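Participant: Could you have a look at this structure, given as structure tokens, before my questions?
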Amino acid sequence: MSKIRIRFIVTILGLLFLSYGCQNEQVPVSKEEKITTSNKIKTLNIQPKEFQRIVGWIDDENVLLQLKKEGKITFERLNVFSGKQYQIYETTHVISEVVISPNRDCFLIYSAESKDKANLDIISIDGSIMSTKEVKPQSIEFSWNQDDQNKMFLTTFDTDWNYQVFQWDIPTGNITRLNTDSPFVSWYSDNLFVFNQKLSPQKDRGDLYLEDIRDKTVKNLVVADVYKFAVSANTLLTIEPSKEDKAMVYNFRTVGFQSYYQYEAPRVYDELGTFFPFYDLNVEKESFLTFEPYESKKLKDHGGEFKLVKVSPKEKKAETILELTNNEPIVTSPNGKYCLYGYLFDQIIDLETKDTLYLIQHRDKMY
């Protein structure tokens with residue numbers, strides 16, 4: 001799925017977070033708390049008007065929970081095994097986006113204070129404000145530097161999808177324009193970044209280039225003719241066309257850009273061109289998850305057209321986790337044992353037992 005589509009979904013979800021609800025009792029829980037009695041996922045009984053979403057993983061047992069309580073948006077640490085919650089932070093602003101840092105020790109909140117004023121706030125997991133920056137309200141996509149959390153790319157879009165890319169130095173608050181030829185940009189190290197340069201936004205494929213933030217006069221071609229790419233701590237993933245039009249290839253590459261494993265999957269498409277299912281890259285734990293269509297065809301408007309596949313590039317094998325399931329966002333836990341699933345991440349998949357459970361009581365059962 002394209003970045004623009006994903007960002008559109010996130011924006012719509014942010015607009016849905018405007019209603020307000022009631023507050024439940026909170027029980028403090030230590031971030032380092034370890035489960036000694038059970039490793040079973042616990043389903044919480046949270047009122048539907050209170051729950052907004054689960055943002056993502058804080059560690060192997062805790063997730064960041066977003067709620068609405070008494071006219072405020074609250075962020076809480078939730079232990080998925082004990083069900084205990086601990087409030088971290090609250091705000092009256094309208095939330096547009098929340099991004100957990102690569103080290104998972106803080107998170108970014110992008111929120112609107114008014115129609116003319118928005119804020120970028122970095123909040124530590126203990127709830128203290130580490131940095132804040134006032135910006136103009138606009139559509140922004142964020143790319144956090146995995147090697148240096150003090151750096152972040154901000155890609156802004158206007159109503160005509162014109163873009164600008166900026167580098168935010170978080171400690172100083174300085175935001176500088178990055179003169180790049182593509183909005184599809186990601187950090188590759190503390191000073192290097194890669195971007196997919198396409199001839200036009202309508203094109204499915206482009207060329208992947210490497211550039212140095214300190215010296216932008218040098219631009220090196222890394223991989224030609226790619227659909228999309230993703231960067232992990234020690235792996236570059238490129239999604240490329242196959243020799244056959246009915247397939248596409250997930251190509252796993254070393255930090256030196258050498259291919260060490262290729263996984264081929266059927267290619268599906270819609271009116272806009274190639275359709276890219278959601279995926280999650282956690283190669284450190286030998287885990288790459290993706291939704292895979294059963295055959296190459298035009299995508300239809302009903303669910304169950306995909307299977308969830310776990311690919312182990314180091315072992316050069318793949319296994320099916322779920323059959324006949326919906327293509328929705330996924331993100332694995334740091335240890336690679338569990339996976340948050342769904343547009344609100346309200347489900348969790350045990351990747352060993354292949355069971356799917358609701359972290360938040362399913363809405364169909366709430367009424």
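By order of appearance in the structure tokens: chains A, B, ..., then residues from 1 within every chain, and ligands from 1 in the order shown.
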Got a sec to tell me which of segment 210-302 of chain A DSSP assigns to strand (DSSP E), as a PDB file with C-alpha atoms, in the first residue's frame?
Facilitator:
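Generated output (result-v6.pdb):
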```
ATOM      1  CA  LEU A 210      21.711   7.078  -1.392  1.00  0.00           C
ATOM      2  CA  GLU A 211      22.704  10.558  -0.234  1.00  0.00           C
ATOM      3  CA  ASP A 212      24.673  12.132   2.628  1.00  0.00           C
ATOM      4  CA  ASP A 215      27.197  16.631   1.402  1.00  0.00           C
ATOM      5  CA  LYS A 216      24.244  16.546  -0.980  1.00  0.00           C
ATOM      6  CA  THR A 217      26.418  17.021  -4.061  1.00  0.00           C
ATOM      7  CA  VAL A 218      27.001  13.259  -4.181  1.00  0.00           C
ATOM      8  CA  LYS A 219      24.023  11.054  -5.089  1.00  0.00           C
ATOM      9  CA  ASN A 220      24.600   7.328  -5.616  1.00  0.00           C
ATOM     10  CA  LEU A 221      22.225   4.930  -7.368  1.00  0.00           C
ATOM     11  CA  VAL A 222      21.611   1.954  -5.064  1.00  0.00           C
ATOM     12  CA  VAL A 223      18.915  -0.114  -6.789  1.00  0.00           C
ATOM     13  CA  ALA A 224      17.144   0.599 -10.078  1.00  0.00           C
ATOM     14  CA  ASP A 225      13.473  -0.059 -10.831  1.00  0.00           C
ATOM     15  CA  VAL A 226      11.846  -0.609  -7.416  1.00  0.00           C
ATOM     16  CA  LYS A 228       8.879   0.515  -2.575  1.00  0.00           C
ATOM     17  CA  PHE A 229      11.555   0.133   0.075  1.00  0.00           C
ATOM     18  CA  ALA A 230      11.955  -0.191   3.852  1.00  0.00           C
ATOM     19  CA  VAL A 231      14.963   0.160   6.146  1.00  0.00           C
ATOM     20  CA  LEU A 236      17.361  -2.870   3.260  1.00  0.00           C
ATOM     21  CA  LEU A 237      14.164  -4.310   1.811  1.00  0.00           C
ATOM     22  CA  THR A 238      13.277  -3.432  -1.767  1.00  0.00           C
ATOM     23  CA  ILE A 239       9.996  -4.456  -3.391  1.00  0.00           C
ATOM     24  CA  GLU A 240      10.680  -5.004  -7.071  1.00  0.00           C
ATOM     25  CA  PRO A 241       8.911  -6.248 -10.192  1.00  0.00           C
ATOM     26  CA  ALA A 247       4.356 -11.377  -9.418  1.00  0.00           C
ATOM     27  CA  MET A 248       6.530  -9.042  -7.362  1.00  0.00           C
ATOM     28  CA  VAL A 249       9.682  -9.724  -5.356  1.00  0.00           C
ATOM     29  CA  TYR A 250      10.595  -8.867  -1.765  1.00  0.00           C
ATOM     30  CA  ASN A 251      14.376  -8.495  -2.018  1.00  0.00           C
ATOM     31  CA  PHE A 252      16.326  -8.549   1.271  1.00  0.00           C
ATOM     32  CA  ARG A 253      19.671  -6.754   1.081  1.00  0.00           C
ATOM     33  CA  SER A 259      20.848  -9.234  -2.096  1.00  0.00           C
ATOM     34  CA  TYR A 260      20.878 -12.260   0.229  1.00  0.00           C
ATOM     35  CA  TYR A 261      17.297 -13.554  -0.144  1.00  0.00           C
ATOM     36  CA  GLN A 262      14.378 -13.002  -2.500  1.00  0.00           C
ATOM     37  CA  TYR A 263      10.753 -13.908  -1.811  1.00  0.00           C
ATOM     38  CA  GLU A 264       8.253 -13.841  -4.675  1.00  0.00           C
ATOM     39  CA  ALA A 265       4.525 -13.203  -4.161  1.00  0.00           C
ATOM     40  CA  PRO A 266       1.531 -12.690  -6.464  1.00  0.00           C
ATOM     41  CA  VAL A 268      -2.527  -7.544  -7.253  1.00  0.00           C
ATOM     42  CA  TYR A 269      -3.641  -4.203  -8.627  1.00  0.00           C
ATOM     43  CA  ASP A 270      -6.471  -1.674  -8.600  1.00  0.00           C
ATOM     44  CA  GLY A 273      -1.858   0.524 -10.354  1.00  0.00           C
ATOM     45  CA  THR A 274       0.026  -2.018  -8.233  1.00  0.00           C
ATOM     46  CA  PHE A 275      -1.497  -2.546  -4.791  1.00  0.00           C
ATOM     47  CA  TYR A 279       3.958  -5.513   5.883  1.00  0.00           C
ATOM     48  CA  ASP A 280       6.287  -5.268   8.887  1.00  0.00           C
ATOM     49  CA  LEU A 281      10.063  -5.632   8.875  1.00  0.00           C
ATOM     50  CA  ASN A 282      11.790  -6.976  12.017  1.00  0.00           C
ATOM     51  CA  SER A 287      10.723 -11.832  11.178  1.00  0.00           C
ATOM     52  CA  PHE A 288       9.166 -10.271   8.108  1.00  0.00           C
ATOM     53  CA  LEU A 289       5.380 -10.316   7.946  1.00  0.00           C
ATOM     54  CA  THR A 290       3.301  -9.514   4.898  1.00  0.00           C
ATOM     55  CA  PHE A 291      -0.191 -10.092   3.586  1.00  0.00           C
ATOM     56  CA  GLU A 292      -0.033 -12.131   0.435  1.00  0.00           C
ATOM     57  CA  PRO A 293      -2.786 -12.514  -2.179  1.00  0.00           C
TER      58      PRO A 293
END
```
Participant: Can you list, as number ranges by chain, every protein, DNA or RNA residue that comes within 7 Å of Phe142 of chain A when you count only C-alpha atoms, leaving out same-chain residues fewer than 4 positions away?
Facilitator: A: 152-155
Participant: Keeping only all heavy atoms, write the selected residues to a file as a tab-separated table (two decimals), in the first residue's frame.
Facilitator:
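Everything below was put into again-v4.tsv:
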```tsv
chain	number	residue	atom	x	y	z
A	152	MET	N	14.96	13.76	12.68
A	152	MET	CA	13.73	13.27	12.08
A	152	MET	C	13.48	14.00	10.77
A	152	MET	O	13.77	15.19	10.63
A	152	MET	CB	12.54	13.48	13.04
A	152	MET	CG	11.23	12.89	12.57
A	152	MET	SD	9.87	13.23	13.72
A	152	MET	CE	10.41	12.33	15.18
A	153	PHE	N	12.95	13.25	9.78
A	153	PHE	CA	12.47	13.86	8.55
A	153	PHE	C	10.98	14.16	8.69
A	153	PHE	O	10.21	13.34	9.20
A	153	PHE	CB	12.68	12.95	7.35
A	153	PHE	CG	14.10	12.88	6.85
A	153	PHE	CD1	14.63	11.69	6.38
A	153	PHE	CD2	14.89	14.01	6.82
A	153	PHE	CE1	15.93	11.62	5.91
A	153	PHE	CE2	16.20	13.97	6.36
A	153	PHE	CZ	16.71	12.76	5.91
A	154	LEU	N	10.58	15.34	8.21
A	154	LEU	CA	9.17	15.73	8.13
A	154	LEU	C	8.85	15.97	6.66
A	154	LEU	O	9.44	16.86	6.05
A	154	LEU	CB	8.90	17.00	8.94
A	154	LEU	CG	9.44	17.08	10.37
A	154	LEU	CD1	9.15	18.44	10.97
A	154	LEU	CD2	8.84	15.98	11.23
A	155	THR	N	7.93	15.20	6.12
A	155	THR	CA	7.51	15.40	4.73
A	155	THR	C	6.10	15.97	4.74
A	155	THR	O	5.17	15.33	5.22
A	155	THR	CB	7.53	14.08	3.94
A	155	THR	OG1	8.84	13.50	4.01
A	155	THR	CG2	7.19	14.32	2.48
```
Participant: When you count only C-alpha atoms, which of these residues is closest to Leu192 of chain A: A:Asp147, A:Asp169, A:Glu305, A:Asp207?
Facilitator: A:Asp147
Participant: So that I can see what lies close to segment 349-359 of chain A, please list as a list in words the residues with an atom at most 6 Å from it, counting only C-alpha atoms and leaving out residues fewer than 3 positions away in the same chain.
Facilitator: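 Once the nearby chain positions are removed, what remains is Thr43, Ile321, Lys337, Tyr338, Cys339 and Asp346 of chain A.
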Participant: What are the closest atom pairs, with distances in Å to one decimal, for each residue of segment 123-219 of chain A lying within 7 Å of segment 73-91 of chain A, using only C-alpha atoms, rows by chain and rising residue number, as a tab-separated table?
Facilitator:
```
residue	atom	partner	partner_atom	distance
A:Ile125	CA	A:Ile88	CA	6.7
A:Asp126	CA	A:Ile88	CA	6.0
A:Gly127	CA	A:Ile88	CA	4.6
```
Participant: Could you tell me how far atom CA of Leu178 of chain A lies from atom CA of Phe166 of chain A, in Å and to one decimal?
Facilitator: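 Result for atom CA of Leu178 of chain A versus atom CA of Phe166 of chain A: 5.1 Å, one decimal.
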Participant: For Gln138 of chain A, work out the shell of residues within 10 Å, counting only C-alpha atoms and skipping chain neighbours fewer than 2 positions away, then give it as a compact mmCIF listing (two decimals) with all heavy atoms, in the first residue's frame.
Facilitator:
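Saved as part.txt:
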```txt
# COMPACT_ATOMS: atom_id res chain seq x y z
N SER A 96 -3.40 14.25 15.66
CA SER A 96 -3.32 13.89 14.25
C SER A 96 -2.47 12.65 14.04
O SER A 96 -2.79 11.80 13.22
CB SER A 96 -2.75 15.06 13.44
OG SER A 96 -2.62 14.70 12.08
N ALA A 112 -3.18 19.34 16.99
CA ALA A 112 -3.66 20.68 16.64
C ALA A 112 -4.24 21.34 17.87
O ALA A 112 -5.16 20.80 18.51
CB ALA A 112 -4.71 20.59 15.54
N LYS A 115 -7.10 25.87 14.71
CA LYS A 115 -7.02 25.75 13.25
C LYS A 115 -5.76 26.40 12.69
O LYS A 115 -5.37 26.13 11.56
CB LYS A 115 -8.26 26.35 12.60
CG LYS A 115 -8.38 27.85 12.77
CD LYS A 115 -9.61 28.39 12.03
CE LYS A 115 -9.68 29.91 12.15
NZ LYS A 115 -10.84 30.45 11.39
N ASP A 116 -5.12 27.26 13.48
CA ASP A 116 -3.93 27.97 13.02
C ASP A 116 -2.66 27.55 13.74
O ASP A 116 -1.57 28.05 13.41
CB ASP A 116 -4.12 29.49 13.21
CG ASP A 116 -5.32 30.01 12.47
OD1 ASP A 116 -5.48 29.64 11.29
OD2 ASP A 116 -6.09 30.79 13.06
N LYS A 117 -2.75 26.63 14.69
CA LYS A 117 -1.59 26.30 15.50
C LYS A 117 -1.53 24.80 15.77
O LYS A 117 -2.50 24.21 16.25
CB LYS A 117 -1.62 27.06 16.83
CG LYS A 117 -0.41 26.82 17.71
CD LYS A 117 -0.52 27.63 19.00
CE LYS A 117 0.66 27.37 19.92
NZ LYS A 117 0.56 28.14 21.19
N ALA A 118 -0.39 24.19 15.47
CA ALA A 118 -0.17 22.78 15.75
C ALA A 118 1.15 22.62 16.50
O ALA A 118 1.99 23.53 16.51
CB ALA A 118 -0.14 21.96 14.45
N VAL A 135 4.27 24.38 14.91
CA VAL A 135 4.31 24.35 13.46
C VAL A 135 2.94 24.74 12.90
O VAL A 135 1.94 24.80 13.63
CB VAL A 135 4.70 22.95 12.93
CG1 VAL A 135 6.12 22.60 13.33
CG2 VAL A 135 3.71 21.89 13.40
N LYS A 136 2.92 24.97 11.61
CA LYS A 136 1.65 25.25 10.92
C LYS A 136 0.89 23.95 10.71
O LYS A 136 1.47 22.94 10.31
CB LYS A 136 1.96 25.91 9.57
CG LYS A 136 0.74 26.19 8.72
CD LYS A 136 1.16 26.77 7.38
CE LYS A 136 -0.05 26.98 6.47
NZ LYS A 136 0.35 27.51 5.14
N ILE A 140 1.53 15.89 7.50
CA ILE A 140 2.95 15.59 7.68
C ILE A 140 3.15 14.09 7.81
O ILE A 140 2.39 13.40 8.49
CB ILE A 140 3.52 16.28 8.93
CG1 ILE A 140 3.30 17.79 8.88
CG2 ILE A 140 5.02 15.98 9.07
CD1 ILE A 140 3.84 18.54 10.09
N GLU A 141 4.20 13.60 7.17
CA GLU A 141 4.64 12.22 7.34
C GLU A 141 6.00 12.25 8.03
O GLU A 141 6.86 13.07 7.70
CB GLU A 141 4.74 11.52 5.98
CG GLU A 141 5.08 10.05 6.09
CD GLU A 141 5.03 9.39 4.72
OE1 GLU A 141 3.92 9.29 4.17
OE2 GLU A 141 6.10 9.02 4.21
N THR A 156 5.95 17.18 4.23
CA THR A 156 4.66 17.86 4.23
C THR A 156 4.02 17.79 2.84
O THR A 156 4.71 17.80 1.82
CB THR A 156 4.80 19.32 4.65
OG1 THR A 156 5.57 20.04 3.67
CG2 THR A 156 5.50 19.43 6.01
N PHE A 157 2.69 17.74 2.84
CA PHE A 157 1.93 17.69 1.59
C PHE A 157 0.84 18.75 1.64
O PHE A 157 0.21 18.97 2.69
CB PHE A 157 1.28 16.32 1.40
CG PHE A 157 2.25 15.19 1.22
CD1 PHE A 157 2.78 14.54 2.33
CD2 PHE A 157 2.63 14.76 -0.04
CE1 PHE A 157 3.68 13.48 2.18
CE2 PHE A 157 3.52 13.72 -0.21
CZ PHE A 157 4.05 13.07 0.90
N ASP A 158 0.59 19.39 0.50
CA ASP A 158 -0.54 20.31 0.43
C ASP A 158 -1.72 19.61 -0.24
O ASP A 158 -1.67 18.41 -0.53
CB ASP A 158 -0.16 21.61 -0.31
CG ASP A 158 0.25 21.38 -1.76
OD1 ASP A 158 -0.12 20.33 -2.34
OD2 ASP A 158 0.95 22.25 -2.32
N THR A 159 -2.78 20.35 -0.49
CA THR A 159 -4.01 19.74 -1.03
C THR A 159 -3.82 19.21 -2.45
O THR A 159 -4.60 18.38 -2.91
CB THR A 159 -5.16 20.76 -1.02
OG1 THR A 159 -4.75 21.94 -1.70
CG2 THR A 159 -5.54 21.12 0.42
```
Participant: Pick from A:Glu319, A:Glu97, A:Val311, A:Lys298: nearest to Lys246 of chain A, with only C-alpha atoms counted?
Facilitator: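 Of A:Glu319, A:Glu97, A:Val311, A:Lys298, the one nearest Lys246 of chain A, counting only C-alpha atoms, is A:Lys298.
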Participant: I need the residue nearest Pro102 of chain A from this list: A:Pro183, A:Gly56, A:Pro313, A:Pro137. Use only C-alpha atoms for the distance.
Facilitator: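 Once distances to Pro102 of chain A are computed over only C-alpha atoms, the minimum belongs to A:Gly56.
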